[in-house]
Amino acid sequence: MPAPILANAPSFAFGSFDFLCSQSPLPLCSLLQSAATLAPVEPTCYARNIDINSGSYLLFEPATLFVQIIALLMTLVMIFYIRSKYTAVGRKEIVMFFYMYAVTIILDFLLVGGIIPPASVVFKYFAALHAGLFVSTFWCLMYNGIVGFQWTEDGTSKSLWTLRLSTLAVLLITFTVSILTFLNIAGLSSTSPMGLYILYIIFPALFLIVYVILQIVLVVTTLDDRWPLGDLLFGLFFFLLGLVTEFVLGSYLCEVATHYVDGMFFGTIFTLLGVMLVYKFWDSITKEDLEFAVSGKANVWEQRNPLLGDDEVVGSLVGGNGGGMHNENW
């Protein structure tokens, strides 16, 4: 019954992964040890595995892996549409967030599914890289919340290299702390992973909160349309719902579903919905500037025809492919 399973779960404690690991098979859980038992904490309820080649290989979390494939495909579609909005504000910055989310999905697929076995020598390094990608993806999202305020012109070398270098720094710091914690060196311990807990749990939460606050301020102060706030708040709702279903109700849902799926399955679905609404929100506040596009065409025409006057340039544009644009914007 679900009640005994929940009763056997470790209690939540700040700085400890014991409760989280009892609810969901995070990649780093097999590399951390409970201070009480000096052994890794395993989920109190597992999703069913798939036996491949008569027991010689087990594929873990098959339902979750299927959802991750869907998530990866959806992310590639969103990346395609972002890249096609040539004049949208923050296009190059936001697409990096989706690239990082896609890479995190791929690495999660390899680790959670057991394709890279936990007993492998390289598993701890991939798990540390996964933790670094997870945290730096949230940092990248927060940076995109700042881009809309135009502290520097978006899409420029200054903006992009600030994003790239700061994201890389966050990734390397998290990776280093993770691997030192797994190896129990430099004063860090797998039985008391406070530093890793702050980086992996607290920092992403702060990055997300700052992003949401910045975007609310941006919409309220600069846009006449308030509908994008719905996309933003629904995205936050789905992300929080993913956390609840994975880490609070994970074992209960696993038992109710008779081990066919567990909390990670639902958490992956709701996280995907949250990410999709990040795209929807960005799309709703960055409509392409058609007037800018017409201006760009005019500049090119003037460069090619320096003898034409302003009226002749506009007349040429209106008489050509810009006819429909003329009816709307001139």
# chains A, B, ... in the order shown; residues from 1 in each chain; ligands from 1
>>> select_by_dssp(residues="stretch 38-146 of chain A", states="strand (DSSP E)", output="tab-separated table (two decimals) with N, CA and C atoms, in the first residue's frame")
chain	number	residue	atom	x	y	z
A	50	ILE	N	12.92	-2.86	-18.45
A	50	ILE	CA	12.76	-3.72	-19.62
A	50	ILE	C	13.97	-4.64	-19.72
A	51	ASP	N	13.70	-5.92	-19.77
A	51	ASP	CA	14.76	-6.93	-19.87
A	51	ASP	C	15.14	-7.08	-21.34
A	52	ILE	N	16.38	-6.77	-21.64
A	52	ILE	CA	16.86	-6.85	-23.02
A	52	ILE	C	17.89	-7.98	-23.11
A	57	TYR	N	20.94	-7.33	-20.14
A	57	TYR	CA	20.92	-5.87	-20.07
A	57	TYR	C	19.53	-5.42	-19.64
A	58	LEU	N	19.47	-4.49	-18.71
A	58	LEU	CA	18.21	-3.91	-18.24
A	58	LEU	C	18.14	-2.45	-18.63
A	59	LEU	N	17.02	-2.06	-19.22
A	59	LEU	CA	16.79	-0.66	-19.55
A	59	LEU	C	15.89	-0.07	-18.47
>>> residues_around(residues="A:Leu236", least_positions_apart="2", cutoff="9 Å", atoms="only C-alpha atoms", output="list in words")
Leu208, Val212, Asp231, Leu232, Leu233, Phe234, Phe238, Phe239, Leu240, Leu241, Gly274, Leu277 and Val278 of chain A
>>> closest_residue(among="A:Phe265, A:Phe14, A:Tyr81, A:Tyr252", to="A:Ala63", atoms="only C-alpha atoms")
A:Phe265
>>> select_by_dssp(residues="stretch 14-186 of chain A", states="alpha helix (DSSP H)", output="NGL selection string")
:A and (18-23 or 62-84 or 91-112 or 123-147 or 157-183)
>>> atom_distance(atom1="atom CA of A:Lys92", atom2="atom CA of A:Leu199")
26.2 Å
>>> residues_around(residues="A:Phe247", least_positions_apart="6", cutoff="7 Å", atoms="only C-alpha atoms", output="MDAnalysis selection string")
chainID A and resid 20 23:24 263
>>> residues_around(residues="stretch 106-123 of chain A", least_positions_apart="5", cutoff="8 Å", atoms="only C-alpha atoms", output="PyMOL selection string")
chain A and resi 25-27+30+58-62+65+68+72+130
>>> residues_around(residues="stretch 94-103 of chain A", least_positions_apart="5", cutoff="8 Å", atoms="only C-alpha atoms", output="PyMOL selection string")
chain A and resi 72+75-76+78-79+82-83+133-134+137+140-141+144
>>> write_last_selection(atoms="N, CA, C and O atoms", output="tab-separated table (two decimals), in the first residue's frame")
chain	number	residue	atom	x	y	z
A	72	LEU	N	12.88	15.87	-26.45
A	72	LEU	CA	13.99	16.27	-27.32
A	72	LEU	C	13.47	16.71	-28.69
A	72	LEU	O	13.92	17.73	-29.24
A	75	THR	N	11.83	20.07	-28.37
A	75	THR	CA	12.84	21.11	-28.20
A	75	THR	C	13.48	21.48	-29.52
A	75	THR	O	13.71	22.67	-29.80
A	76	LEU	N	13.74	20.49	-30.36
A	76	LEU	CA	14.31	20.77	-31.68
A	76	LEU	C	13.34	21.59	-32.53
A	76	LEU	O	13.76	22.49	-33.28
A	78	MET	N	11.10	23.73	-31.33
A	78	MET	CA	11.12	25.09	-30.78
A	78	MET	C	12.38	25.83	-31.22
A	78	MET	O	12.34	27.02	-31.54
A	79	ILE	N	13.50	25.14	-31.24
A	79	ILE	CA	14.75	25.76	-31.69
A	79	ILE	C	14.62	26.21	-33.15
A	79	ILE	O	15.06	27.32	-33.52
A	82	ILE	N	12.51	29.37	-33.23
A	82	ILE	CA	13.24	30.51	-32.67
A	82	ILE	C	14.25	31.05	-33.68
A	82	ILE	O	14.36	32.26	-33.89
A	83	ARG	N	14.97	30.14	-34.31
A	83	ARG	CA	15.98	30.56	-35.28
A	83	ARG	C	15.37	31.22	-36.50
A	83	ARG	O	16.04	31.97	-37.22
A	133	LEU	N	25.23	20.92	-16.11
A	133	LEU	CA	24.30	21.35	-17.16
A	133	LEU	C	22.95	21.77	-16.57
A	133	LEU	O	22.35	22.75	-17.01
A	134	PHE	N	22.49	21.03	-15.58
A	134	PHE	CA	21.21	21.33	-14.95
A	134	PHE	C	21.22	22.74	-14.34
A	134	PHE	O	20.34	23.55	-14.59
A	137	THR	N	21.78	25.60	-16.99
A	137	THR	CA	20.60	25.83	-17.82
A	137	THR	C	19.67	26.82	-17.13
A	137	THR	O	19.09	27.71	-17.77
A	140	CYS	N	21.22	30.21	-17.49
A	140	CYS	CA	20.98	30.71	-18.84
A	140	CYS	C	19.57	31.29	-18.96
A	140	CYS	O	19.36	32.32	-19.60
A	141	LEU	N	18.60	30.63	-18.34
A	141	LEU	CA	17.23	31.14	-18.35
A	141	LEU	C	17.15	32.49	-17.65
A	141	LEU	O	16.50	33.42	-18.15
A	144	ASN	N	18.47	35.27	-19.72
A	144	ASN	CA	17.51	35.69	-20.74
A	144	ASN	C	16.44	36.60	-20.17
A	144	ASN	O	15.85	37.40	-20.90
>>> decode(residues="stretch 199-234 of chain A", atoms="N, CA, C and O atoms", output="tab-separated table (two decimals), in the first residue's frame")
chain	number	residue	atom	x	y	z
A	199	LEU	N	24.20	24.24	-4.59
A	199	LEU	CA	24.34	24.48	-6.02
A	199	LEU	C	23.23	23.83	-6.83
A	199	LEU	O	22.70	24.43	-7.78
A	200	TYR	N	22.86	22.62	-6.48
A	200	TYR	CA	21.93	21.81	-7.29
A	200	TYR	C	20.47	22.13	-7.00
A	200	TYR	O	19.62	22.02	-7.90
A	201	ILE	N	20.16	22.54	-5.77
A	201	ILE	CA	18.77	22.77	-5.38
A	201	ILE	C	18.46	24.25	-5.19
A	201	ILE	O	17.49	24.77	-5.77
A	202	ILE	N	19.27	24.94	-4.41
A	202	ILE	CA	18.96	26.32	-4.04
A	202	ILE	C	19.21	27.29	-5.19
A	202	ILE	O	18.34	28.13	-5.50
A	203	PHE	N	20.36	27.19	-5.83
A	203	PHE	CA	20.67	28.13	-6.91
A	203	PHE	C	19.67	28.07	-8.06
A	203	PHE	O	19.20	29.12	-8.52
A	204	PRO	N	19.33	26.89	-8.59
A	204	PRO	CA	18.32	26.87	-9.66
A	204	PRO	C	16.99	27.48	-9.24
A	204	PRO	O	16.33	28.15	-10.04
A	205	ALA	N	16.58	27.25	-7.98
A	205	ALA	CA	15.34	27.84	-7.49
A	205	ALA	C	15.43	29.37	-7.50
A	205	ALA	O	14.50	30.06	-7.92
A	206	LEU	N	16.57	29.90	-7.06
A	206	LEU	CA	16.76	31.35	-7.06
A	206	LEU	C	16.79	31.90	-8.48
A	206	LEU	O	16.19	32.95	-8.76
A	207	PHE	N	17.48	31.20	-9.38
A	207	PHE	CA	17.53	31.65	-10.78
A	207	PHE	C	16.13	31.71	-11.38
A	207	PHE	O	15.79	32.66	-12.10
A	208	LEU	N	15.33	30.70	-11.10
A	208	LEU	CA	13.97	30.65	-11.64
A	208	LEU	C	13.12	31.78	-11.07
A	208	LEU	O	12.37	32.44	-11.80
A	209	ILE	N	13.21	32.02	-9.77
A	209	ILE	CA	12.43	33.08	-9.13
A	209	ILE	C	12.81	34.44	-9.71
A	209	ILE	O	11.94	35.27	-10.02
A	210	VAL	N	14.11	34.69	-9.86
A	210	VAL	CA	14.56	35.97	-10.42
A	210	VAL	C	14.05	36.13	-11.85
A	210	VAL	O	13.59	37.21	-12.24
A	211	TYR	N	14.10	35.05	-12.64
A	211	TYR	CA	13.60	35.11	-14.03
A	211	TYR	C	12.12	35.49	-14.05
A	211	TYR	O	11.71	36.38	-14.82
A	212	VAL	N	11.33	34.84	-13.24
A	212	VAL	CA	9.88	35.11	-13.23
A	212	VAL	C	9.61	36.55	-12.81
A	212	VAL	O	8.80	37.25	-13.43
A	213	ILE	N	10.29	37.03	-11.77
A	213	ILE	CA	10.08	38.40	-11.30
A	213	ILE	C	10.47	39.41	-12.38
A	213	ILE	O	9.74	40.38	-12.66
A	214	LEU	N	11.63	39.18	-13.02
A	214	LEU	CA	12.08	40.09	-14.07
A	214	LEU	C	11.09	40.14	-15.23
A	214	LEU	O	10.81	41.22	-15.78
A	215	GLN	N	10.55	38.99	-15.60
A	215	GLN	CA	9.63	38.96	-16.73
A	215	GLN	C	8.29	39.61	-16.38
A	215	GLN	O	7.66	40.25	-17.23
A	216	ILE	N	7.85	39.47	-15.15
A	216	ILE	CA	6.63	40.16	-14.73
A	216	ILE	C	6.83	41.67	-14.80
A	216	ILE	O	5.98	42.42	-15.31
A	217	VAL	N	7.97	42.14	-14.29
A	217	VAL	CA	8.28	43.57	-14.34
A	217	VAL	C	8.35	44.04	-15.79
A	217	VAL	O	7.84	45.11	-16.14
A	218	LEU	N	8.98	43.24	-16.66
A	218	LEU	CA	9.12	43.60	-18.07
A	218	LEU	C	7.77	43.77	-18.74
A	218	LEU	O	7.52	44.75	-19.44
A	219	VAL	N	6.88	42.82	-18.52
A	219	VAL	CA	5.55	42.87	-19.15
A	219	VAL	C	4.74	44.04	-18.62
A	219	VAL	O	4.11	44.78	-19.39
A	220	VAL	N	4.75	44.23	-17.31
A	220	VAL	CA	3.93	45.27	-16.69
A	220	VAL	C	4.41	46.67	-17.08
A	220	VAL	O	3.60	47.57	-17.29
A	221	THR	N	5.71	46.84	-17.21
A	221	THR	CA	6.25	48.19	-17.44
A	221	THR	C	6.43	48.55	-18.91
A	221	THR	O	6.52	49.73	-19.24
A	222	THR	N	6.50	47.57	-19.79
A	222	THR	CA	6.82	47.89	-21.19
A	222	THR	C	5.76	47.45	-22.19
A	222	THR	O	5.79	47.91	-23.33
A	223	LEU	N	4.86	46.56	-21.83
A	223	LEU	CA	3.88	46.05	-22.79
A	223	LEU	C	2.47	46.47	-22.42
A	223	LEU	O	2.12	46.56	-21.24
A	224	ASP	N	1.68	46.73	-23.44
A	224	ASP	CA	0.27	47.02	-23.20
A	224	ASP	C	-0.53	45.73	-23.00
A	224	ASP	O	-1.54	45.71	-22.31
A	225	ASP	N	-0.05	44.66	-23.62
A	225	ASP	CA	-0.73	43.37	-23.54
A	225	ASP	C	-0.30	42.61	-22.30
A	225	ASP	O	0.90	42.44	-22.05
A	226	ARG	N	-1.26	42.15	-21.49
A	226	ARG	CA	-0.95	41.40	-20.27
A	226	ARG	C	-1.10	39.89	-20.46
A	226	ARG	O	-0.79	39.12	-19.55
A	227	TRP	N	-1.53	39.44	-21.63
A	227	TRP	CA	-1.74	38.02	-21.85
A	227	TRP	C	-0.47	37.18	-21.71
A	227	TRP	O	-0.53	36.02	-21.27
A	228	PRO	N	0.71	37.71	-22.06
A	228	PRO	CA	1.92	36.89	-21.87
A	228	PRO	C	2.15	36.45	-20.43
A	228	PRO	O	2.81	35.43	-20.19
A	229	LEU	N	1.61	37.20	-19.46
A	229	LEU	CA	1.76	36.78	-18.07
A	229	LEU	C	1.10	35.43	-17.82
A	229	LEU	O	1.55	34.67	-16.97
A	230	GLY	N	0.05	35.13	-18.57
A	230	GLY	CA	-0.59	33.82	-18.45
A	230	GLY	C	0.35	32.70	-18.83
A	230	GLY	O	0.44	31.68	-18.13
A	231	ASP	N	1.08	32.89	-19.95
A	231	ASP	CA	2.06	31.88	-20.36
A	231	ASP	C	3.14	31.70	-19.30
A	231	ASP	O	3.54	30.58	-18.98
A	232	LEU	N	3.61	32.82	-18.76
A	232	LEU	CA	4.67	32.78	-17.76
A	232	LEU	C	4.23	32.05	-16.49
A	232	LEU	O	4.91	31.17	-15.99
A	233	LEU	N	3.04	32.40	-15.99
A	233	LEU	CA	2.57	31.82	-14.74
A	233	LEU	C	2.16	30.36	-14.91
A	233	LEU	O	2.36	29.54	-14.00
A	234	PHE	N	1.61	30.03	-16.07
A	234	PHE	CA	1.29	28.62	-16.32
A	234	PHE	C	2.57	27.79	-16.44
A	234	PHE	O	2.62	26.64	-16.00
